[in-house]
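Peer 1: Just so it is clear, I am handing over upload.cif, which has mmCIF, C-alpha atoms and all ligand atoms.
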data_model
loop_
_atom_site.label_atom_id
_atom_site.label_comp_id
_atom_site.auth_asym_id
_atom_site.auth_seq_id
_atom_site.Cartn_x
_atom_site.Cartn_y
_atom_site.Cartn_z
CA MET N 163 0.00 0.00 0.00
CA LEU N 164 1.29 3.45 -0.88
CA VAL N 165 1.64 6.06 1.87
CA LYS N 166 -1.41 8.29 1.81
CA ASN N 167 -0.98 11.90 0.71
CA LEU N 168 2.65 11.35 -0.30
CA ASN N 169 1.91 13.37 -3.40
CA ASN N 170 0.89 16.30 -1.21
CA LEU N 171 4.56 16.85 -0.44
CA PRO N 172 6.07 19.73 -2.42
CA ARG N 173 7.28 18.70 -5.88
CA ASP N 174 10.94 19.47 -5.19
CA ILE N 175 10.85 17.23 -2.11
CA LEU N 176 9.27 14.37 -4.03
CA ARG N 177 11.83 14.74 -6.81
CA LEU N 178 14.61 14.76 -4.23
CA PHE N 179 13.22 11.61 -2.55
CA SER N 180 13.04 9.82 -5.86
CA GLN N 181 16.64 10.81 -6.72
CA ILE N 182 17.81 9.67 -3.27
CA GLY N 183 16.06 6.33 -3.87
CA LYS N 184 17.82 5.88 -7.22
CA ILE N 185 21.25 6.75 -5.83
CA ALA N 186 20.71 4.40 -2.90
CA GLN N 187 19.76 1.62 -5.33
CA GLU N 188 22.92 2.20 -7.36
CA ASN N 189 24.86 1.85 -4.13
CA ASN N 190 23.02 -1.31 -3.07
CA CYS N 191 21.24 0.28 -0.13
CA ARG N 192 17.59 0.54 0.83
CA VAL N 193 16.37 3.95 2.01
CA PHE N 194 13.24 5.03 3.83
CA VAL N 195 11.61 8.23 5.06
CA VAL N 196 10.51 7.51 8.61
CA GLY N 197 8.78 8.80 11.69
CA GLY N 198 6.82 12.00 12.19
CA VAL N 199 6.54 12.89 8.49
CA ILE N 200 4.68 9.67 7.65
CA ARG N 201 2.40 10.09 10.68
CA ASP N 202 1.65 13.66 9.67
CA LEU N 203 1.04 12.83 6.01
CA TYR N 204 -1.80 10.57 7.12
CA LEU N 205 -3.11 13.26 9.45
CA GLY N 206 -2.83 16.00 6.84
CA ARG N 207 -0.48 17.99 9.07
CA GLU N 208 2.46 19.91 7.68
CA ASN N 209 5.86 18.52 8.70
CA PHE N 210 9.17 19.27 7.04
CA ASP N 211 11.43 17.34 9.43
CA PHE N 212 12.73 14.74 7.04
CA ASP N 213 14.38 11.70 8.61
CA ILE N 214 15.89 9.19 6.26
CA ILE N 215 17.01 5.75 7.34
CA VAL N 216 19.50 3.72 5.33
CA GLU N 217 19.83 -0.04 5.44
CA GLY N 218 23.58 -0.07 4.89
CA ASP N 219 26.19 2.59 5.52
CA GLY N 220 24.19 5.79 6.13
CA ILE N 221 27.20 8.06 6.42
CA ALA N 222 28.74 6.78 3.18
CA LEU N 223 25.46 7.35 1.34
CA ALA N 224 25.10 10.81 2.92
CA LYS N 225 28.54 11.71 1.54
CA ILE N 226 27.58 10.55 -1.97
CA LEU N 227 24.33 12.53 -1.76
CA ALA N 228 26.12 15.65 -0.50
CA ASP N 229 28.44 15.42 -3.48
CA LYS N 230 25.69 14.87 -5.97
CA PHE N 231 23.40 17.64 -4.66
CA LYS N 232 26.16 20.08 -3.67
CA ALA N 233 24.75 19.98 -0.15
CA LYS N 234 26.54 20.81 3.07
CA LEU N 235 27.14 17.71 5.14
CA VAL N 236 27.42 17.65 8.92
CA ASP N 237 28.13 14.15 10.11
CA HIS N 238 28.33 12.54 13.53
CA GLU N 239 30.13 9.34 12.62
CA GLN N 240 30.08 7.97 16.16
CA PHE N 241 26.26 8.03 16.08
CA CYS N 242 26.06 6.95 12.40
CA THR N 243 23.97 10.05 11.63
CA ALA N 244 24.42 12.98 9.27
CA ALA N 245 22.52 16.09 8.27
CA LEU N 246 22.35 17.31 4.68
CA PHE N 247 21.69 20.99 4.08
CA MET N 248 20.48 21.34 0.48
CA PRO N 249 21.22 24.49 -1.51
CA ASN N 250 17.44 25.23 -1.63
CA GLY N 251 17.26 25.31 2.19
CA ILE N 252 15.84 21.83 2.78
CA LYS N 253 17.45 19.88 5.61
CA ILE N 254 17.47 16.11 5.66
CA ASP N 255 18.65 13.93 8.53
CA ILE N 256 20.18 10.65 7.46
CA ALA N 257 20.99 7.72 9.72
CA THR N 258 22.05 4.13 9.44
CA ALA N 259 19.24 1.76 10.44
CA ARG N 260 19.99 0.60 13.95
CA LYS N 261 19.18 -1.66 16.79
CA GLU N 262 19.19 -0.27 20.32
CA THR N 263 19.74 -1.92 23.67
CA TYR N 264 19.45 -0.27 27.06
CA GLU N 265 21.99 -1.41 29.65
CA HIS N 266 19.94 -0.09 32.55
CA PRO N 267 16.71 1.90 32.92
CA GLY N 268 17.09 5.50 31.75
CA ALA N 269 20.53 4.88 30.21
CA LEU N 270 21.26 6.22 26.76
CA PRO N 271 20.90 3.27 24.36
CA LYS N 272 23.75 1.18 22.97
CA VAL N 273 23.49 1.29 19.22
CA THR N 274 24.42 -1.32 16.59
CA PRO N 275 23.59 -1.37 12.84
CA GLY N 276 20.38 -3.19 12.00
CA SER N 277 17.54 -3.55 9.53
CA ILE N 278 14.67 -1.13 8.89
CA GLU N 279 12.54 -3.44 11.01
CA ASP N 280 14.99 -3.16 13.95
CA ASP N 281 15.05 0.57 13.48
CA LEU N 282 11.28 0.97 13.51
CA LEU N 283 10.72 -1.41 16.40
CA ARG N 284 13.13 0.50 18.67
CA ARG N 285 10.93 3.60 18.42
CA ASP N 286 8.55 5.16 20.90
CA PHE N 287 5.00 4.73 19.58
CA SER N 288 3.37 2.78 16.78
CA ILE N 289 2.20 5.98 15.06
CA ASN N 290 5.84 7.16 14.94
CA ALA N 291 7.16 3.82 13.71
CA MET N 292 6.01 3.89 10.10
CA ALA N 293 8.16 4.46 7.02
CA ALA N 294 7.91 4.95 3.28
CA SER N 295 10.35 3.20 0.99
CA LEU N 296 12.23 5.43 -1.47
CA ASN N 297 13.91 2.81 -3.69
CA PRO N 298 12.59 2.87 -7.28
CA GLU N 299 11.15 -0.67 -7.16
CA ASP N 300 8.69 0.20 -4.36
CA PHE N 301 8.79 3.99 -4.09
CA GLY N 302 6.22 5.28 -1.61
CA GLU N 303 5.31 1.86 -0.21
CA LEU N 304 4.19 1.98 3.44
CA ILE N 305 6.29 0.00 5.92
CA ASP N 306 4.35 -0.57 9.13
CA PHE N 307 5.50 -3.48 11.31
CA SER N 308 3.66 -2.38 14.42
CA ASP N 309 0.18 -1.56 13.18
CA GLY N 310 0.74 2.18 13.41
CA LEU N 311 -1.80 2.92 10.69
CA ASN N 312 -4.51 1.13 12.64
CA ASP N 313 -3.58 3.13 15.76
CA LEU N 314 -3.72 6.34 13.75
CA LYS N 315 -7.25 5.42 12.73
CA LYS N 316 -8.16 4.53 16.33
CA LYS N 317 -6.44 7.76 17.46
CA VAL N 318 -4.35 6.03 20.10
CA ILE N 319 -0.79 6.40 21.37
CA ARG N 320 0.65 2.94 21.97
CA VAL N 321 4.15 1.84 22.90
CA LEU N 322 5.79 -1.01 21.05
CA HIS N 323 6.94 -3.02 24.05
CA ASP N 324 6.36 -3.16 27.80
CA LEU N 325 9.75 -1.76 28.84
CA SER N 326 9.55 1.30 26.61
CA PHE N 327 8.86 3.84 29.38
CA ILE N 328 11.35 2.19 31.74
CA ASP N 329 14.08 2.25 29.08
CA ASP N 330 13.33 5.83 28.15
CA PRO N 331 11.15 7.74 30.63
CA THR N 332 11.17 10.85 28.40
CA ARG N 333 8.62 8.88 26.38
CA ILE N 334 6.10 9.45 29.18
CA LEU N 335 6.16 13.16 28.36
CA ARG N 336 6.28 12.45 24.63
CA ALA N 337 3.17 10.25 24.93
CA ILE N 338 1.30 13.08 26.63
CA ARG N 339 2.60 15.61 24.11
CA PHE N 340 1.40 13.62 21.10
CA GLU N 341 -1.84 12.71 22.83
CA GLN N 342 -2.71 16.32 23.53
CA ARG N 343 -1.39 17.71 20.26
CA LEU N 344 -3.24 15.22 18.06
CA LYS N 345 -6.28 14.92 20.34
CA PHE N 346 -5.55 11.19 20.61
CA ARG N 347 -5.74 8.99 23.71
CA ILE N 348 -2.94 7.05 25.37
CA GLU N 349 -4.09 3.47 24.95
CA ASP N 350 -5.04 1.70 28.22
CA HIS N 351 -2.15 -0.75 28.42
CA SER N 352 0.38 1.98 27.59
CA LEU N 353 -1.13 4.18 30.30
CA LYS N 354 -0.79 1.29 32.75
CA LEU N 355 2.88 0.97 31.74
CA ILE N 356 3.38 4.69 32.41
CA LYS N 357 1.92 4.28 35.89
CA GLU N 358 4.18 1.29 36.55
CA ALA N 359 7.25 3.17 35.32
CA LEU N 360 6.32 6.07 37.62
CA LYS N 361 5.98 3.65 40.55
CA HIS N 362 9.59 2.72 39.84
CA HIS N 363 10.53 6.44 39.95
CA ALA N 364 11.29 6.48 36.24
CA PHE N 365 12.12 10.20 36.07
CA GLU N 366 14.83 9.76 38.70
CA THR N 367 16.75 7.47 36.37
CA ILE N 368 17.42 10.17 33.79
CA LYS N 369 19.46 13.34 33.94
CA PRO N 370 17.33 16.48 34.52
CA PRO N 371 18.41 18.19 31.25
CA ARG N 372 16.65 15.39 29.35
CA ILE N 373 13.46 16.19 31.24
CA TRP N 374 14.02 19.88 30.55
CA ARG N 375 14.30 19.24 26.80
CA GLU N 376 10.94 17.50 26.82
CA LEU N 377 9.35 20.24 28.91
CA ILE N 378 10.56 22.85 26.44
CA LEU N 379 8.99 20.88 23.58
CA ILE N 380 5.70 20.91 25.48
CA LEU N 381 6.03 24.62 26.22
CA TYR N 382 6.54 25.14 22.49
CA GLU N 383 3.17 23.58 21.71
CA LYS N 384 0.20 25.84 21.09
CA SER N 385 -1.73 26.46 24.36
CA PRO N 386 0.24 24.11 26.61
CA LYS N 387 -2.14 24.36 29.59
CA LYS N 388 -3.95 21.14 28.81
CA TYR N 389 -0.63 19.31 28.38
CA PHE N 390 0.42 20.28 31.90
CA MET N 391 -3.01 19.42 33.27
CA ARG N 392 -2.61 15.96 31.81
CA ILE N 393 0.94 15.64 33.15
CA ALA N 394 -0.32 16.74 36.58
CA GLY N 395 -3.06 14.09 36.37
CA VAL N 396 -0.87 11.23 35.18
CA CYS N 397 2.53 11.94 36.75
CA ASP N 398 2.03 14.75 39.26
CA LEU N 399 4.33 17.72 38.68
CA ARG N 400 6.68 16.90 41.51
CA PHE N 401 9.24 15.40 39.17
CA ILE N 402 9.75 18.93 37.85
CA HIS N 403 9.85 20.53 41.29
CA PRO N 404 8.58 19.11 44.61
CA LYS N 405 6.50 22.23 45.22
CA LEU N 406 5.08 22.64 41.71
CA ARG N 407 1.26 22.51 41.46
CA LEU N 408 -1.28 23.78 38.98
CA ASN N 409 -3.43 26.09 41.03
CA ARG N 410 -6.29 28.23 39.78
CA ASP N 411 -4.07 31.30 39.33
CA THR N 412 -1.55 29.35 37.26
CA LEU N 413 -4.26 28.02 34.98
CA ARG N 414 -5.76 31.47 34.62
CA LEU N 415 -2.33 32.82 33.70
CA PHE N 416 -1.89 30.17 30.98
CA ASP N 417 -5.24 31.26 29.49
CA ALA N 418 -4.35 34.93 29.73
CA ILE N 419 -1.07 34.29 27.88
CA ASP N 420 -2.91 32.37 25.15
CA LYS N 421 -5.19 35.33 24.69
CA LEU N 422 -2.41 37.87 24.76
CA LEU N 423 -0.32 35.97 22.21
CA VAL N 424 -3.24 35.66 19.80
CA SER N 425 -3.50 39.43 19.71
CA TYR N 426 0.20 40.18 20.24
CA GLU N 427 0.85 41.46 16.73
CA LYS N 428 -2.29 43.53 16.75
CA LEU N 429 -1.68 44.93 20.21
CA TYR N 430 2.02 45.66 19.69
CA PRO N 431 2.51 45.83 15.92
CA HIS N 432 6.12 46.99 15.91
CA ASN N 433 7.61 44.90 18.64
CA GLU N 434 10.21 42.18 18.55
CA PRO N 435 8.91 38.63 18.62
CA VAL N 436 8.93 37.15 22.11
CA GLU N 437 9.75 33.64 23.19
CA ASN N 438 6.25 32.26 23.74
CA TRP N 439 7.48 29.10 25.41
CA PHE N 440 9.28 31.13 28.01
CA LEU N 441 6.15 33.07 28.89
CA TYR N 442 4.40 29.78 29.57
CA PHE N 443 7.34 28.60 31.64
CA MET N 444 7.11 31.76 33.73
CA ALA N 445 3.40 31.04 34.18
CA LEU N 446 4.07 27.44 35.19
CA THR N 447 6.55 28.47 37.85
CA ASP N 448 4.78 31.64 38.96
CA ALA N 449 3.64 30.21 42.28
CA LEU N 450 7.13 29.04 43.27
CA LYS N 451 9.23 31.09 45.67
CA ARG N 452 12.50 32.67 44.60
CA SER N 453 14.58 29.97 46.31
CA GLU N 454 12.49 27.27 44.63
CA ILE N 455 12.96 28.88 41.21
CA LYS N 456 16.66 28.98 41.90
CA TYR N 457 16.71 25.27 42.65
CA LEU N 458 14.79 24.61 39.44
CA ALA N 459 17.16 26.77 37.40
CA GLU N 460 20.13 24.84 38.76
CA ARG N 461 18.55 21.44 38.36
CA PHE N 462 17.74 22.06 34.71
CA ASN N 463 20.91 23.99 34.09
CA LEU N 464 19.08 27.00 32.67
CA LYS N 465 21.04 29.50 30.65
CA LYS N 466 22.03 32.79 32.23
CA ASP N 467 19.58 34.90 30.25
CA GLN N 468 16.78 32.49 31.17
CA ARG N 469 17.67 32.72 34.86
CA ASP N 470 17.90 36.50 34.66
CA ARG N 471 14.44 36.75 33.15
CA LEU N 472 12.94 34.41 35.74
CA TYR N 473 14.57 36.18 38.67
CA SER N 474 13.72 39.66 37.46
CA PHE N 475 10.06 38.62 37.25
CA LYS N 476 10.21 37.02 40.69
CA ASN N 477 11.78 40.16 42.16
CA LEU N 478 8.78 42.32 41.32
CA ASN N 479 6.90 42.73 44.56
CA ARG N 480 3.59 44.19 45.64
CA ASN N 481 5.11 47.69 45.86
CA PHE N 482 6.02 47.50 42.20
CA PHE N 483 2.44 46.66 41.23
CA ASN N 484 0.99 49.28 43.57
CA PHE N 485 3.24 51.94 42.12
CA LEU N 486 2.62 50.97 38.51
CA GLY N 487 -1.13 51.13 39.16
CA LYS N 488 -1.04 54.62 40.70
CA ASN N 489 -2.91 57.50 39.09
CA ASN N 490 -1.02 60.40 37.53
CA LEU N 491 2.30 58.71 36.76
CA GLN N 492 4.42 60.48 34.18
CA PRO N 493 5.41 58.42 31.11
CA SER N 494 9.05 58.69 32.20
CA GLN N 495 8.20 57.10 35.57
CA VAL N 496 6.51 54.18 33.81
CA TYR N 497 9.47 53.91 31.46
CA VAL N 498 11.98 53.71 34.30
CA MET N 499 9.98 50.92 35.92
CA LEU N 500 9.67 48.77 32.82
CA GLU N 501 12.67 49.57 30.69
CA HIS N 502 15.08 47.13 32.36
CA LEU N 503 12.66 44.18 32.17
CA SER N 504 12.61 41.62 29.34
CA TYR N 505 9.69 41.67 26.90
CA GLU N 506 8.60 38.32 28.30
CA THR N 507 8.50 39.75 31.81
CA ILE N 508 6.54 42.77 30.67
CA LEU N 509 4.05 40.60 28.81
CA ILE N 510 3.52 38.26 31.71
CA LEU N 511 2.90 41.28 33.92
CA ARG N 512 0.31 42.35 31.38
CA ALA N 513 -1.26 38.88 31.34
CA LYS N 514 -1.23 38.64 35.11
CA SER N 515 -2.62 42.03 35.91
CA GLU N 516 -6.34 42.62 36.16
CA ASN N 517 -5.82 46.32 36.75
CA LYS N 518 -6.83 48.43 33.74
CA ILE N 519 -4.38 51.22 34.53
CA ILE N 520 -1.46 48.78 34.60
CA LYS N 521 -2.53 47.19 31.33
CA LYS N 522 -2.78 50.60 29.65
CA ARG N 523 0.65 51.60 31.02
CA ILE N 524 2.24 48.45 29.63
CA ASP N 525 0.56 48.97 26.25
CA ASP N 526 1.77 52.58 26.15
CA PHE N 527 5.26 51.49 27.13
CA LEU N 528 5.46 48.90 24.37
CA ASN N 529 3.76 50.94 21.67
CA ILE N 530 4.90 54.47 22.44
CA TYR N 531 7.58 55.05 25.06
CA ASP N 532 9.82 52.19 23.98
CA LYS N 533 9.89 53.62 20.44
CA VAL N 534 10.75 57.20 21.33
CA LYS N 535 14.18 58.28 20.09
CA LEU N 536 16.14 61.44 20.80
CA SER N 537 17.26 63.57 17.87
CA ILE N 538 20.62 64.19 19.48
CA ASN N 539 23.19 61.68 20.69
CA GLY N 540 26.45 61.43 22.61
CA ASP N 541 28.48 62.77 19.67
CA TYR N 542 26.37 65.86 19.71
CA LEU N 543 26.98 66.36 23.44
CA ALA N 544 30.71 65.99 22.80
CA GLU N 545 30.47 68.79 20.26
CA LEU N 546 28.83 70.89 22.93
CA GLY N 547 31.90 70.28 25.04
CA VAL N 548 30.63 67.58 27.41
CA SER N 549 33.44 65.27 28.43
CA LEU N 550 33.03 61.54 28.84
CA ASP N 551 33.58 61.73 32.60
CA SER N 552 30.73 64.12 33.16
CA GLY N 553 28.38 61.33 32.09
CA PHE N 554 26.80 61.44 28.66
CA LYS N 555 24.30 58.87 29.72
CA LYS N 556 22.95 60.79 32.66
CA ILE N 557 22.41 63.88 30.53
CA LEU N 558 20.90 61.95 27.63
CA ASP N 559 18.55 60.14 30.05
CA LYS N 560 17.34 63.42 31.47
CA ILE N 561 16.64 64.78 28.00
CA PHE N 562 14.96 61.54 27.03
CA TYR N 563 12.64 61.54 30.07
CA LYS N 564 11.65 65.12 29.37
CA LYS N 565 10.88 64.22 25.79
CA LEU N 566 8.81 61.21 26.94
CA ASP N 567 6.83 63.50 29.20
CA GLY N 568 6.00 65.66 26.20
CA GLU N 569 8.05 68.67 27.28
CA LEU N 570 10.47 68.62 24.35
CA GLN N 571 9.10 68.45 20.82
CA THR N 572 11.87 69.49 18.43
CA LYS N 573 15.57 68.88 18.03
CA GLU N 574 16.20 72.55 18.91
CA GLU N 575 14.37 72.10 22.18
CA GLU N 576 16.47 69.04 22.99
CA ILE N 577 19.64 71.03 22.28
CA GLU N 578 18.49 73.94 24.36
CA TYR N 579 17.70 71.63 27.29
CA ALA N 580 21.04 69.86 26.87
CA ARG N 581 22.83 73.23 27.08
CA LYS N 582 20.90 74.10 30.22
CA LEU N 583 21.85 70.80 31.85
CA ILE N 584 25.51 71.27 30.89
CA ASP N 585 25.58 74.84 32.21
CA ASN N 586 24.12 73.66 35.51
CA GLN N 587 26.70 70.93 35.98
N1 LIG P 1 12.00 8.70 19.01
C1 LIG P 1 11.89 7.65 19.91
N2 LIG P 1 12.09 7.86 21.25
C2 LIG P 1 12.40 9.10 21.70
C3 LIG P 1 12.52 10.17 20.80
C4 LIG P 1 12.30 9.93 19.45
O1 LIG P 1 11.60 6.54 19.49
N3 LIG P 1 12.60 9.29 22.99
C5 LIG P 1 11.77 8.42 17.56
C6 LIG P 1 10.32 8.53 17.10
O2 LIG P 1 10.09 7.50 16.19
C7 LIG P 1 10.24 9.85 16.39
C8 LIG P 1 11.66 10.00 15.83
O3 LIG P 1 12.51 9.35 16.77
O4 LIG P 1 9.27 9.82 15.37
C9 LIG P 1 12.10 11.45 15.67
O5 LIG P 1 11.99 12.13 16.90
P1 LIG P 1 11.34 13.55 16.99
O6 LIG P 1 11.88 14.42 15.92
O7 LIG P 1 11.41 14.02 18.39
O8 LIG P 1 9.82 13.13 16.72
P2 LIG P 1 8.74 13.61 15.71
O9 LIG P 1 7.79 12.48 15.62
O10 LIG P 1 9.32 14.13 14.44
O11 LIG P 1 8.06 14.76 16.58
P3 LIG P 1 7.65 16.24 16.23
O12 LIG P 1 6.43 16.11 15.39
O13 LIG P 1 7.37 16.84 17.58
O14 LIG P 1 8.83 16.87 15.55
#
How does this structure look as structure tokens?
Ligand code: CTP
Peer 2:
Amino acid sequence: MLVKNLNNLPRDILRLFSQIGKIAQENNCRVFVVGGVIRDLYLGRENFDFDIIVEGDGIALAKILADKFKAKLVDHEQFCTAALFMPNGIKIDIATARKETYEHPGALPKVTPGSIEDDLLRRDFSINAMAASLNPEDFGELIDFSDGLNDLKKKVIRVLHDLSFIDDPTRILRAIRFEQRLKFRIEDHSLKLIKEALKHHAFETIKPPRIWRELILILYEKSPKKYFMRIAGVCDLRFIHPKLRLNRDTLRLFDAIDKLLVSYEKLYPHNEPVENWFLYFMALTDALKRSEIKYLAERFNLKKDQRDRLYSFKNLNRNFFNFLGKNNLQPSQVYVMLEHLSYETILILRAKSENKIIKKRIDDFLNIYDKVKLSINGDYLAELGVSLDSGFKKILDKIFYKKLDGELQTKEEEIEYARKLIDNQ
């Protein structure tokens, strides 16, 4: 049976697949497109993550293909994998078909070359374990050893063997991610296996950064609230942090972020894109104390800029909110309060706040104040005789605040005010 919708792939991809099949044939290999792309072809979902599996020497074939297509090759010989970057921007991952064995629960697998069947049967779920052949004799033929197509039709997530979650506990989070994304259901026996793996403290057998990678993938999904609700129901959230819970405020914050992001471009048309996933992460951890966030940041080895953003949000106390919500603040006062915060922090403040004044202030900051520019700069001050030591920045800030507050309109007025400040020094 041919893979459904294969012809829906863009023409250049199909042509490329057929050429790869021919070259593989000439080199006595069998090649297959595998995994998510096949699943998503059946579901009519767009997916351009092309994974190709080679029965034979994958790296050698990748080198031949790179030569033929003038593609850039990045290979990881020790893992028998390579990535081809085609001149037209398409990226293809190529790997030798392999067999995997796990020496102990949670260990990274030991890998040996194998057949396409070995390669598909080592995978996480039946719906991810399908392939399409690319060789000319059976181009497009579906390879499905584990009844993945049937599970796609039944809309279930099913593991291929009983030790799957013990071997690789990240699959617990993957199962929930696919379940929620595709609106499928984790099949009963697989769910029982998840519960058993959790009884054996599965998440404690893997290094926290592996959990973190999976959490990020979930945070990247559209509207991740329901994913975390499901994780909380199946696993509890304590494996992320002992104090982490989904309370009503957290759930409300997830919804508010969804809403804000839908209208982000309309609300703030000229602003930089923000990292959506990070906003949701801030929401998830909002109820944790500073020390608990710190523990989390260390456990997952968060990058410095991620820690900075989390801490700066956590540092905002009640006084900050009270002040930002006061009547009669000057634009420059609002600016000084918000200017040092990341866009993600500002947006989560906006999502969190139910106070209309605060919302309006944040909108004005993002749409107006943050865009205001002075007509003069440090060079101009130097021409006026200001030396570096006397603090360009302090003077420029003062001029800027006055401009924000609407007291300076023209370049001449800025210059005049600059002169006044210099004379008073
Ligand atoms: N895989 C696995 N076990 C894991 C991770 C991945 O068996 N812990 C397999 C699955 O067969 C998956 C393939 O490796 O289809 C590629 O992994 P990934 O790119 O993460 O999966 P996709 O199915 O492409 O997921 P997505 O749609 O989120 O990109």
Peer 1: So which residues are near ligand LIG 1 (chain P), meaning at most 7 Å away with all atoms listed in the file counted, given back as a list in words?
Peer 2: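 If we count all atoms listed in the file, the neighbours of ligand LIG 1 (chain P) turn out to be Gly197, Gly198, Val199, Asp211, Arg284, Arg285, Asp286, Phe287, Asn290, Ala291, Asp330, Thr332 and Arg333 of chain N.
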Peer 1: Find the residues around Phe443 in chain N up to 12 Å (only C-alpha atoms counted), leave out those fewer than 3 positions away in its own chain, and share them as a PyMOL selection string.
Peer 2: chain N and resi 374+377-383+385-387+390+402+406+412+415-416+419+437-440+446-450+455+458-459+464+468-469+471-472+475+506-507+510
Peer 1: For Ser425 in chain N, which residue out of N:Ile319, N:Ala244, N:Ala513, N:Ile254 is the nearest one, using only C-alpha atoms?
Peer 2: N:Ala513
Peer 1: Please compute the CA of Ile200 in chain N-CA of Asp309 in chain N distance, one decimal, in Å.
Peer 2: 13.3 Å
Peer 1: Excluding range 567-582 of chain N and residues on its chain fewer than 3 positions from it, collect all residues at most 8 Å away from it, counting all atoms listed in the file, and give them as a list in words.
Peer 2: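 The neighbour list is Gln492, Pro493, Ser494, Leu536, Ser537, Ile538, Leu543, Leu546, Ile557, Leu558, Ile561, Tyr563, Lys564, Asp585 and Asn586 of chain N.
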Peer 1: When you draw a straight line from CA of Ile520 in chain N to CA of Gly487 in chain N, how long is it in Å?
Peer 2: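 For CA of Ile520 in chain N relative to CA of Gly487 in chain N, the distance reads 5.1 Å.
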Peer 1: Could you give me, as a list of chain:residue names, the residues within 10 Å of Ile393 in chain N, counting all atoms listed in the file and dropping anything in the same chain fewer than 5 positions from it?
Peer 2: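 In the requested format, the answer is N:Ile334, N:Leu335, N:Ile338, N:Arg339, N:Lys387, N:Lys388, N:Asp398, N:Leu399.
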Peer 1: From the set N:Asn190, N:Leu168, N:Ile278, N:Phe241, which residue has the shortest atom-to-atom contact distance to Glu208 in chain N, counting only C-alpha atoms?
Peer 2: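 Smallest distance to Glu208 in chain N is found for N:Leu168.
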Peer 1: So the first atom is CA of Arg207 in chain N and the second is CA of Lys354 in chain N; what is the distance between them in Å, to one decimal place?
Peer 2: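 Computing it gives 29.0 Å between the two atoms.
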Peer 1: Write out as a ChimeraX atom specification the residues lying within 10 Å of Lys555 in chain N, counting all atoms listed in the file and excluding same-chain residues fewer than 4 positions away.
Peer 2: /N:539-540,550,559-561
Peer 1: Between N:Ser515, N:His362, N:Lys405, N:Asn477, which has the minimum distance to Leu422 in chain N (counting all atoms listed in the file)?
Peer 2: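 Comparing N:Ser515, N:His362, N:Lys405, N:Asn477 against Leu422 in chain N, the winner is N:Ser515.
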